[in-house]
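Heads up, run.pdb below (PDB, C-alpha atoms, pLDDT in the B column):
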```
ATOM      1  CA  MET A 121     105.702  84.868  86.981  1.00 43.00           C
ATOM      2  CA  LYS A 122     104.985  82.107  89.456  1.00 42.00           C
ATOM      3  CA  LYS A 123     104.527  83.110  93.052  1.00 44.00           C
ATOM      4  CA  PHE A 124     106.925  81.066  95.212  1.00 43.00           C
ATOM      5  CA  ILE A 125     105.264  82.229  98.404  1.00 48.00           C
ATOM      6  CA  SER A 126     101.669  83.148  99.205  1.00 54.00           C
ATOM      7  CA  SER A 127     100.635  86.781  99.493  1.00 59.00           C
ATOM      8  CA  THR A 128      99.847  86.387 103.193  1.00 55.00           C
ATOM      9  CA  SER A 129     103.196  84.734 103.860  1.00 55.00           C
ATOM     10  CA  LEU A 130     104.959  87.467 101.912  1.00 58.00           C
ATOM     11  CA  VAL A 131     103.430  90.087 104.186  1.00 56.00           C
ATOM     12  CA  VAL A 132     104.686  88.189 107.259  1.00 50.00           C
ATOM     13  CA  VAL A 133     108.185  87.809 105.819  1.00 52.00           C
ATOM     14  CA  PHE A 134     108.226  91.431 104.669  1.00 55.00           C
ATOM     15  CA  PHE A 135     107.434  92.940 108.051  1.00 52.00           C
ATOM     16  CA  PHE A 136     109.759  90.538 109.881  1.00 51.00           C
ATOM     17  CA  LEU A 137     112.663  91.305 107.581  1.00 51.00           C
ATOM     18  CA  SER A 138     111.977  95.037 107.630  1.00 54.00           C
ATOM     19  CA  CYS A 139     113.460  95.019 111.131  1.00 51.00           C
ATOM     20  CA  HIS A 140     116.585  93.112 110.112  1.00 51.00           C
ATOM     21  CA  THR A 141     117.501  94.004 106.517  1.00 50.00           C
ATOM     22  CA  SER A 142     118.050  97.119 104.427  1.00 56.00           C
ATOM     23  CA  TYR A 143     114.360  97.660 103.643  1.00 59.00           C
ATOM     24  CA  LYS A 144     112.824  99.713 106.432  1.00 61.00           C
ATOM     25  CA  ALA A 145     109.075 100.008 106.796  1.00 61.00           C
ATOM     26  CA  GLU A 146     108.104 103.604 107.543  1.00 60.00           C
ATOM     27  CA  GLN A 147     105.400 102.716 110.010  1.00 54.00           C
ATOM     28  CA  VAL A 148     104.113  99.474 111.499  1.00 49.00           C
ATOM     29  CA  GLN A 149     100.959  99.520 113.616  1.00 51.00           C
ATOM     30  CA  TYR A 150     100.854  96.866 116.301  1.00 48.00           C
ATOM     31  CA  SER A 151      99.350  95.769 119.583  1.00 51.00           C
ATOM     32  CA  SER A 152     101.320  94.629 122.610  1.00 52.00           C
ATOM     33  CA  TYR A 153     101.156  90.924 123.451  1.00 53.00           C
ATOM     34  CA  ARG A 154     103.177  88.868 125.922  1.00 55.00           C
ATOM     35  CA  ILE A 155     105.138  86.110 124.210  1.00 51.00           C
ATOM     36  CA  GLN A 156     106.308  83.204 126.376  1.00 57.00           C
ATOM     37  CA  ASN A 157     108.145  79.905 125.901  1.00 57.00           C
ATOM     38  CA  THR A 158     110.452  81.244 123.198  1.00 54.00           C
ATOM     39  CA  GLY A 159     113.403  79.115 122.276  1.00 54.00           C
ATOM     40  CA  ALA A 160     114.412  76.684 119.573  1.00 56.00           C
ATOM     41  CA  ALA A 161     111.130  77.012 117.694  1.00 57.00           C
ATOM     42  CA  GLY A 162     111.555  80.799 117.427  1.00 61.00           C
ATOM     43  CA  THR A 163     115.155  80.393 116.284  1.00 67.00           C
ATOM     44  CA  SER A 164     114.105  77.930 113.580  1.00 69.00           C
ATOM     45  CA  PHE A 165     111.389  80.289 112.362  1.00 59.00           C
ATOM     46  CA  SER A 166     113.872  83.159 112.160  1.00 64.00           C
ATOM     47  CA  ALA A 167     116.277  80.994 110.179  1.00 65.00           C
ATOM     48  CA  LEU A 168     113.487  80.044 107.772  1.00 60.00           C
ATOM     49  CA  LEU A 169     112.547  83.699 107.194  1.00 60.00           C
ATOM     50  CA  PHE A 170     116.123  84.810 106.655  1.00 63.00           C
ATOM     51  CA  HIS A 171     116.404  82.214 103.915  1.00 63.00           C
ATOM     52  CA  TYR A 172     114.201  84.565 101.879  1.00 67.00           C
ATOM     53  CA  SER A 173     115.866  87.802 102.997  1.00 69.00           C
ATOM     54  CA  ASP A 174     117.764  88.630  99.808  1.00 69.00           C
ATOM     55  CA  SER A 175     114.902  87.935  97.405  1.00 74.00           C
ATOM     56  CA  VAL A 176     112.258  89.678  99.540  1.00 76.00           C
ATOM     57  CA  ASN A 177     114.531  92.658 100.142  1.00 78.00           C
ATOM     58  CA  LYS A 178     115.152  93.119  96.424  1.00 83.00           C
ATOM     59  CA  LEU A 179     111.473  92.659  95.628  1.00 83.00           C
ATOM     60  CA  MET A 180     110.284  95.223  98.183  1.00 89.00           C
ATOM     61  CA  ASN A 181     112.820  97.828  97.080  1.00 91.00           C
ATOM     62  CA  LYS A 182     111.774  97.524  93.431  1.00 94.00           C
ATOM     63  CA  VAL A 183     110.492 100.833  92.034  1.00 96.00           C
ATOM     64  CA  ILE A 184     107.173 100.335  90.212  1.00 97.00           C
ATOM     65  CA  GLY A 185     106.194 103.937  89.502  1.00 97.00           C
ATOM     66  CA  GLU A 186     106.558 107.568  90.505  1.00 97.00           C
ATOM     67  CA  ASN A 187     104.424 109.949  92.520  1.00 96.00           C
ATOM     68  CA  GLU A 188     104.045 113.549  91.307  1.00 96.00           C
ATOM     69  CA  SER A 189     103.542 115.105  94.749  1.00 95.00           C
ATOM     70  CA  VAL A 190     103.009 114.208  98.402  1.00 94.00           C
ATOM     71  CA  LEU A 191      99.713 112.378  99.019  1.00 94.00           C
ATOM     72  CA  ASP A 192      98.489 112.773 102.582  1.00 91.00           C
ATOM     73  CA  LYS A 193      95.634 111.540 104.720  1.00 86.00           C
ATOM     74  CA  LYS A 194      93.131 114.096 105.973  1.00 80.00           C
ATOM     75  CA  ARG A 195      89.502 113.691 106.963  1.00 69.00           C
ATOM     76  CA  GLN A 196      87.954 116.082 104.426  1.00 71.00           C
ATOM     77  CA  ALA A 197      90.681 115.932 101.806  1.00 75.00           C
ATOM     78  CA  ASN A 198      92.083 112.407 102.002  1.00 87.00           C
ATOM     79  CA  VAL A 199      94.192 112.606  98.860  1.00 92.00           C
ATOM     80  CA  LEU A 200      96.005 109.384  99.748  1.00 94.00           C
ATOM     81  CA  GLY A 201      92.637 107.657 100.020  1.00 93.00           C
ATOM     82  CA  TYR A 202      91.569 109.181  96.692  1.00 94.00           C
ATOM     83  CA  PHE A 203      94.676 107.678  95.091  1.00 96.00           C
ATOM     84  CA  ILE A 204      93.662 104.227  96.319  1.00 95.00           C
ATOM     85  CA  ALA A 205      90.060 104.707  95.145  1.00 96.00           C
ATOM     86  CA  ASP A 206      91.321 105.858  91.729  1.00 97.00           C
ATOM     87  CA  ALA A 207      93.401 102.682  91.507  1.00 97.00           C
ATOM     88  CA  TYR A 208      90.383 100.510  92.375  1.00 97.00           C
ATOM     89  CA  LEU A 209      88.167 102.184  89.781  1.00 98.00           C
ATOM     90  CA  TYR A 210      90.796 102.057  87.038  1.00 98.00           C
ATOM     91  CA  MET A 211      91.547  98.374  87.553  1.00 98.00           C
ATOM     92  CA  ALA A 212      87.870  97.459  88.106  1.00 97.00           C
ATOM     93  CA  ARG A 213      87.013  98.901  84.701  1.00 97.00           C
ATOM     94  CA  LYS A 214      89.824  96.901  83.140  1.00 96.00           C
ATOM     95  CA  ARG A 215      88.466  93.714  84.691  1.00 95.00           C
ATOM     96  CA  HIS A 216      84.699  94.306  84.634  1.00 94.00           C
ATOM     97  CA  GLY A 217      84.107  96.981  82.011  1.00 94.00           C
ATOM     98  CA  GLU A 218      83.051 100.597  81.908  1.00 94.00           C
ATOM     99  CA  GLN A 219      79.761  99.838  83.684  1.00 95.00           C
ATOM    100  CA  VAL A 220      81.684 100.223  86.953  1.00 97.00           C
ATOM    101  CA  VAL A 221      80.971 103.864  87.777  1.00 98.00           C
ATOM    102  CA  ALA A 222      82.609 104.404  91.156  1.00 98.00           C
ATOM    103  CA  ALA A 223      84.970 103.000  93.766  1.00 98.00           C
ATOM    104  CA  PHE A 224      85.074 103.524  97.523  1.00 96.00           C
ATOM    105  CA  MET A 225      87.848 103.344 100.106  1.00 93.00           C
ATOM    106  CA  ASN A 226      87.421 103.291 103.885  1.00 90.00           C
ATOM    107  CA  SER A 227      89.632 105.701 105.821  1.00 82.00           C
ATOM    108  CA  GLY A 228      90.630 103.021 108.356  1.00 83.00           C
ATOM    109  CA  GLY A 229      92.167 100.962 105.573  1.00 83.00           C
ATOM    110  CA  VAL A 230      94.686 103.690 104.663  1.00 87.00           C
ATOM    111  CA  ARG A 231      97.656 102.548 106.720  1.00 87.00           C
ATOM    112  CA  LEU A 232     100.177 105.316 106.015  1.00 91.00           C
ATOM    113  CA  PRO A 233      99.869 109.012 106.909  1.00 91.00           C
ATOM    114  CA  GLU A 234     101.340 109.995 103.556  1.00 92.00           C
ATOM    115  CA  LEU A 235     103.026 108.778 100.389  1.00 94.00           C
ATOM    116  CA  ALA A 236     106.054 110.891  99.501  1.00 94.00           C
ATOM    117  CA  ALA A 237     106.705 112.436  96.119  1.00 96.00           C
ATOM    118  CA  GLY A 238     109.126 110.499  93.950  1.00 97.00           C
ATOM    119  CA  PRO A 239     109.707 106.781  93.351  1.00 97.00           C
ATOM    120  CA  ILE A 240     107.097 104.326  94.626  1.00 97.00           C
ATOM    121  CA  THR A 241     108.456 100.964  95.744  1.00 96.00           C
ATOM    122  CA  LEU A 242     106.554  97.710  96.000  1.00 95.00           C
ATOM    123  CA  GLY A 243     107.299  97.665  99.715  1.00 94.00           C
ATOM    124  CA  LYS A 244     105.613 101.029 100.172  1.00 95.00           C
ATOM    125  CA  ILE A 245     102.389  99.637  98.692  1.00 95.00           C
ATOM    126  CA  PHE A 246     102.561  96.719 101.139  1.00 94.00           C
ATOM    127  CA  GLU A 247     102.867  99.261 103.952  1.00 93.00           C
ATOM    128  CA  LEU A 248      99.927 101.217 102.582  1.00 93.00           C
ATOM    129  CA  MET A 249      97.734  98.119 102.151  1.00 92.00           C
ATOM    130  CA  PRO A 250      99.031  95.205 104.285  1.00 90.00           C
ATOM    131  CA  PHE A 251      95.737  93.281 104.262  1.00 89.00           C
ATOM    132  CA  ASP A 252      94.563  90.618 101.811  1.00 92.00           C
ATOM    133  CA  ASN A 253      91.218  92.320 101.268  1.00 94.00           C
ATOM    134  CA  GLN A 254      89.556  91.648  97.933  1.00 96.00           C
ATOM    135  CA  MET A 255      87.835  93.875  95.402  1.00 97.00           C
ATOM    136  CA  MET A 256      84.083  93.435  95.772  1.00 97.00           C
ATOM    137  CA  VAL A 257      81.690  94.362  92.968  1.00 97.00           C
ATOM    138  CA  VAL A 258      78.337  95.550  94.283  1.00 97.00           C
ATOM    139  CA  LYS A 259      75.173  96.870  92.653  1.00 97.00           C
ATOM    140  CA  MET A 260      72.676  99.341  94.103  1.00 97.00           C
ATOM    141  CA  LYS A 261      70.006 101.763  92.962  1.00 97.00           C
ATOM    142  CA  GLY A 262      70.778 105.463  92.970  1.00 98.00           C
ATOM    143  CA  SER A 263      68.402 106.070  95.874  1.00 97.00           C
ATOM    144  CA  PHE A 264      70.316 103.522  97.971  1.00 97.00           C
ATOM    145  CA  LEU A 265      73.679 104.950  96.884  1.00 97.00           C
ATOM    146  CA  LYS A 266      72.533 108.388  98.074  1.00 97.00           C
ATOM    147  CA  GLN A 267      71.649 106.909 101.465  1.00 96.00           C
ATOM    148  CA  TYR A 268      75.023 105.177 101.651  1.00 96.00           C
ATOM    149  CA  LEU A 269      76.843 108.440 100.972  1.00 96.00           C
ATOM    150  CA  ASP A 270      74.941 110.060 103.834  1.00 95.00           C
ATOM    151  CA  THR A 271      75.843 107.239 106.238  1.00 94.00           C
ATOM    152  CA  LEU A 272      79.524 107.759 105.371  1.00 92.00           C
ATOM    153  CA  LEU A 273      79.266 111.477 106.044  1.00 90.00           C
ATOM    154  CA  VAL A 274      77.963 110.783 109.539  1.00 87.00           C
ATOM    155  CA  ARG A 275      81.077 108.705 110.280  1.00 82.00           C
ATOM    156  CA  ASP A 276      84.476 109.104 108.610  1.00 75.00           C
ATOM    157  CA  GLY A 277      83.618 111.017 105.446  1.00 84.00           C
ATOM    158  CA  ILE A 278      83.611 109.914 101.815  1.00 91.00           C
ATOM    159  CA  ILE A 279      86.673 108.580 100.003  1.00 93.00           C
ATOM    160  CA  GLN A 280      85.665 107.721  96.456  1.00 95.00           C
ATOM    161  CA  SER A 281      86.458 107.909  92.773  1.00 96.00           C
ATOM    162  CA  GLY A 282      83.962 108.413  89.945  1.00 97.00           C
ATOM    163  CA  LEU A 283      81.514 110.649  91.820  1.00 96.00           C
ATOM    164  CA  THR A 284      81.407 114.338  92.642  1.00 95.00           C
ATOM    165  CA  LEU A 285      79.134 115.862  95.267  1.00 95.00           C
ATOM    166  CA  ASN A 286      78.481 118.724  97.609  1.00 94.00           C
ATOM    167  CA  VAL A 287      78.130 118.289 101.362  1.00 93.00           C
ATOM    168  CA  ALA A 288      76.066 120.483 103.674  1.00 91.00           C
ATOM    169  CA  ASN A 289      75.218 119.567 107.283  1.00 88.00           C
ATOM    170  CA  LYS A 290      76.579 116.054 106.673  1.00 88.00           C
ATOM    171  CA  ILE A 291      74.119 115.471 103.822  1.00 93.00           C
ATOM    172  CA  SER A 292      75.181 114.798 100.225  1.00 95.00           C
ATOM    173  CA  GLU A 293      73.801 117.103  97.541  1.00 95.00           C
ATOM    174  CA  LYS A 294      74.114 117.463  93.752  1.00 95.00           C
ATOM    175  CA  VAL A 295      75.645 114.012  93.394  1.00 96.00           C
ATOM    176  CA  MET A 296      77.087 113.460  89.928  1.00 96.00           C
ATOM    177  CA  VAL A 297      77.941 110.031  88.505  1.00 97.00           C
ATOM    178  CA  GLY A 298      80.590 110.882  85.975  1.00 93.00           C
ATOM    179  CA  ASP A 299      79.040 113.836  84.146  1.00 92.00           C
ATOM    180  CA  LYS A 300      75.406 112.901  84.864  1.00 96.00           C
ATOM    181  CA  PRO A 301      73.203 113.613  87.896  1.00 97.00           C
ATOM    182  CA  LEU A 302      72.540 110.651  90.175  1.00 98.00           C
ATOM    183  CA  ASP A 303      69.310 108.920  89.099  1.00 98.00           C
ATOM    184  CA  PRO A 304      67.491 107.358  92.080  1.00 97.00           C
ATOM    185  CA  ASN A 305      65.960 104.667  89.839  1.00 97.00           C
ATOM    186  CA  THR A 306      69.110 103.618  87.967  1.00 98.00           C
ATOM    187  CA  GLU A 307      71.111 100.610  89.163  1.00 97.00           C
ATOM    188  CA  TYR A 308      74.798 101.416  89.529  1.00 98.00           C
ATOM    189  CA  THR A 309      77.806  99.104  89.706  1.00 98.00           C
ATOM    190  CA  ILE A 310      80.546 100.130  92.122  1.00 97.00           C
ATOM    191  CA  VAL A 311      83.551  98.467  93.762  1.00 98.00           C
ATOM    192  CA  HIS A 312      84.523  98.398  97.415  1.00 97.00           C
ATOM    193  CA  SER A 313      86.534  96.309  99.876  1.00 96.00           C
ATOM    194  CA  ASP A 314      85.029  92.904 100.643  1.00 96.00           C
ATOM    195  CA  TYR A 315      85.822  93.554 104.308  1.00 94.00           C
ATOM    196  CA  VAL A 316      83.719  96.713 104.349  1.00 95.00           C
ATOM    197  CA  VAL A 317      80.823  95.226 102.378  1.00 96.00           C
ATOM    198  CA  ASN A 318      80.688  92.064 104.490  1.00 94.00           C
ATOM    199  CA  ASN A 319      80.891  93.954 107.791  1.00 94.00           C
ATOM    200  CA  THR A 320      78.555  96.882 107.117  1.00 94.00           C
ATOM    201  CA  PRO A 321      74.961  96.109 108.144  1.00 93.00           C
ATOM    202  CA  PHE A 322      73.654  98.809 105.802  1.00 93.00           C
ATOM    203  CA  LEU A 323      75.082  96.868 102.838  1.00 94.00           C
ATOM    204  CA  LYS A 324      74.039  93.374 103.928  1.00 91.00           C
ATOM    205  CA  ASP A 325      71.245  92.878 101.368  1.00 92.00           C
ATOM    206  CA  ILE A 326      72.851  94.256  98.195  1.00 94.00           C
ATOM    207  CA  TYR A 327      74.228  92.204  95.299  1.00 94.00           C
ATOM    208  CA  ARG A 328      77.921  91.403  95.689  1.00 95.00           C
ATOM    209  CA  ASN A 329      80.550  89.389  93.872  1.00 95.00           C
ATOM    210  CA  THR A 330      84.311  88.960  93.974  1.00 94.00           C
ATOM    211  CA  ASP A 331      86.779  87.027  91.828  1.00 93.00           C
ATOM    212  CA  GLY A 332      89.523  87.081  94.468  1.00 95.00           C
ATOM    213  CA  TYR A 333      91.427  90.073  93.090  1.00 97.00           C
ATOM    214  CA  LEU A 334      93.340  91.662  95.976  1.00 96.00           C
ATOM    215  CA  LEU A 335      92.978  95.389  96.534  1.00 95.00           C
ATOM    216  CA  ARG A 336      96.729  95.603  97.103  1.00 96.00           C
ATOM    217  CA  ASP A 337      97.293  94.032  93.695  1.00 97.00           C
ATOM    218  CA  ALA A 338      94.922  96.595  92.192  1.00 97.00           C
ATOM    219  CA  ILE A 339      97.059  99.427  93.575  1.00 97.00           C
ATOM    220  CA  ILE A 340     100.261  97.777  92.349  1.00 97.00           C
ATOM    221  CA  ASP A 341      98.828  97.098  88.885  1.00 98.00           C
ATOM    222  CA  TYR A 342      97.539 100.677  88.638  1.00 98.00           C
ATOM    223  CA  VAL A 343     100.914 102.210  89.513  1.00 98.00           C
ATOM    224  CA  LYS A 344     102.659  99.893  87.052  1.00 98.00           C
ATOM    225  CA  SER A 345     100.127 100.721  84.342  1.00 98.00           C
ATOM    226  CA  MET A 346     100.681 104.463  84.789  1.00 97.00           C
ATOM    227  CA  SER A 347     104.445 103.933  84.691  1.00 97.00           C
ATOM    228  CA  GLU A 348     104.215 101.889  81.490  1.00 97.00           C
ATOM    229  CA  GLN A 349     102.306 104.798  79.932  1.00 97.00           C
ATOM    230  CA  GLY A 350     105.034 107.194  80.998  1.00 97.00           C
ATOM    231  CA  LYS A 351     102.777 108.833  83.601  1.00 97.00           C
ATOM    232  CA  LYS A 352     103.344 109.772  87.217  1.00 97.00           C
ATOM    233  CA  ILE A 353     100.657 109.276  89.852  1.00 97.00           C
ATOM    234  CA  ILE A 354      98.573 112.459  89.962  1.00 95.00           C
ATOM    235  CA  VAL A 355      95.436 112.727  92.101  1.00 94.00           C
ATOM    236  CA  GLN A 356      92.768 115.232  91.143  1.00 86.00           C
ATOM    237  CA  ASN A 357      91.258 116.401  94.427  1.00 80.00           C
ATOM    238  CA  SER A 358      89.540 119.639  93.446  1.00 73.00           C
ATOM    239  CA  GLY A 359      85.771 119.327  93.126  1.00 82.00           C
ATOM    240  CA  ARG A 360      85.552 115.686  94.167  1.00 90.00           C
ATOM    241  CA  VAL A 361      83.803 116.355  97.483  1.00 90.00           C
ATOM    242  CA  ASN A 362      82.873 119.979  98.160  1.00 89.00           C
ATOM    243  CA  TYR A 363      82.120 120.827 101.792  1.00 85.00           C
ATOM    244  CA  ALA A 364      79.972 123.868 102.553  1.00 81.00           C
ATOM    245  CA  GLU A 365      81.637 126.542 104.663  1.00 58.00           C
TER     246      GLU A 365
END
```
As structure tokens - that is how I would like this structure written.
Amino acid sequence: MKKFISSTSLVVVFFFLSCHTSYKAEQVQYSSYRIQNTGAAGTSFSALLFHYSDSVNKLMNKVIGENESVLDKKRQANVLGYFIADAYLYMARKRHGEQVVAAFMNSGGVRLPELAAGPITLGKIFELMPFDNQMMVVKMKGSFLKQYLDTLLVRDGIIQSGLTLNVANKISEKVMVGDKPLDPNTEYTIVHSDYVVNNTPFLKDIYRNTDGYLLRDAIIDYVKSMSEQGKKIIVQNSGRVNYAE
């Protein structure tokens, strides 16, 4: 299907129309700015956006899959973040092969507090991931991956798919890659957000590559793929990251 409007433009139209049409965004985060000299130009822009109102409204209300239970956002059990990481890993393996062993998600990029049980609409995914961030493939040795995990624990915690680990005193222990212990000398392929990779000094010297695949599209494609297989979205949280008491 040809895209009649760019992804970035669609986001703009979507959030503008969410205030004026039947699709209602659950939550929009914003900053306050003073707008001056409004007039004919603003009216013309509004008229242009409303030209797309019917098609965008129908598109955003389209159900693309179903969620088994409520997925919420918590620091040490960010099930909503795990859902996103699962989507990245699933789609990365489809695009780049089984050598991709893990996927990461940054907590600041999760833009909804929860995703309700039941039907998942396209518009809800745009609310969850409104940015045009791309999937970045990176490679690092196991010793470096261990260090990266520890840097995450110092800050916002670990949101990932493909790994299991224990955490004690903000240090990762017993890290498993799939069903095998982390090997400090093995090079691993993982996926992450290009925004995070490009803006994290710790990751500045590692191999990276992207083919322009949007993370939002990865989530959408994952939900659609599960639906086509007759499956609901189910996130396995138990045992993924085990925090010591």
Worksheet item: Do you know which residues are at most 7 Å from A:Ala237 counting only C-alpha atoms, after dropping those on the same chain fewer than 6 positions away, and could you put them as a PyMOL selection string?
Response: chain A and resi 187-190
Take the residues from that selection and put them in a file with C-alpha atoms, as an mmCIF file, keeping the file's coordinate frame.
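File part.cif, as written:
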```
data_model
loop_
_atom_site.group_PDB
_atom_site.id
_atom_site.type_symbol
_atom_site.label_atom_id
_atom_site.label_comp_id
_atom_site.auth_asym_id
_atom_site.auth_seq_id
_atom_site.Cartn_x
_atom_site.Cartn_y
_atom_site.Cartn_z
ATOM 1 C CA ASN A 187 104.424 109.949 92.520
ATOM 2 C CA GLU A 188 104.045 113.549 91.307
ATOM 3 C CA SER A 189 103.542 115.105 94.749
ATOM 4 C CA VAL A 190 103.009 114.208 98.402
#
```
Fill in: Length of the atom CA of A:Ile204 to atom CA of A:Thr330 vector [Å]
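Those two atoms sit 18.1 Å apart.
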Worksheet entry | Between atom CA of A:Thr309 and atom CA of A:Leu232 - distance in Å to one decimal | 28.4 Å
Fill in: Using only C-alpha atoms: which of A:Asn198, A:Ser175, A:Leu272, A:Lys290 has the shortest distance to A:Ser358
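For A:Ser358, the nearest of the given residues is A:Asn198.
Ranking A:Gly228, A:Pro239, A:Val199, A:His216 by their shortest atom-to-atom distance to A:Ser347, with only C-alpha atoms included, puts A:Pro239 first.
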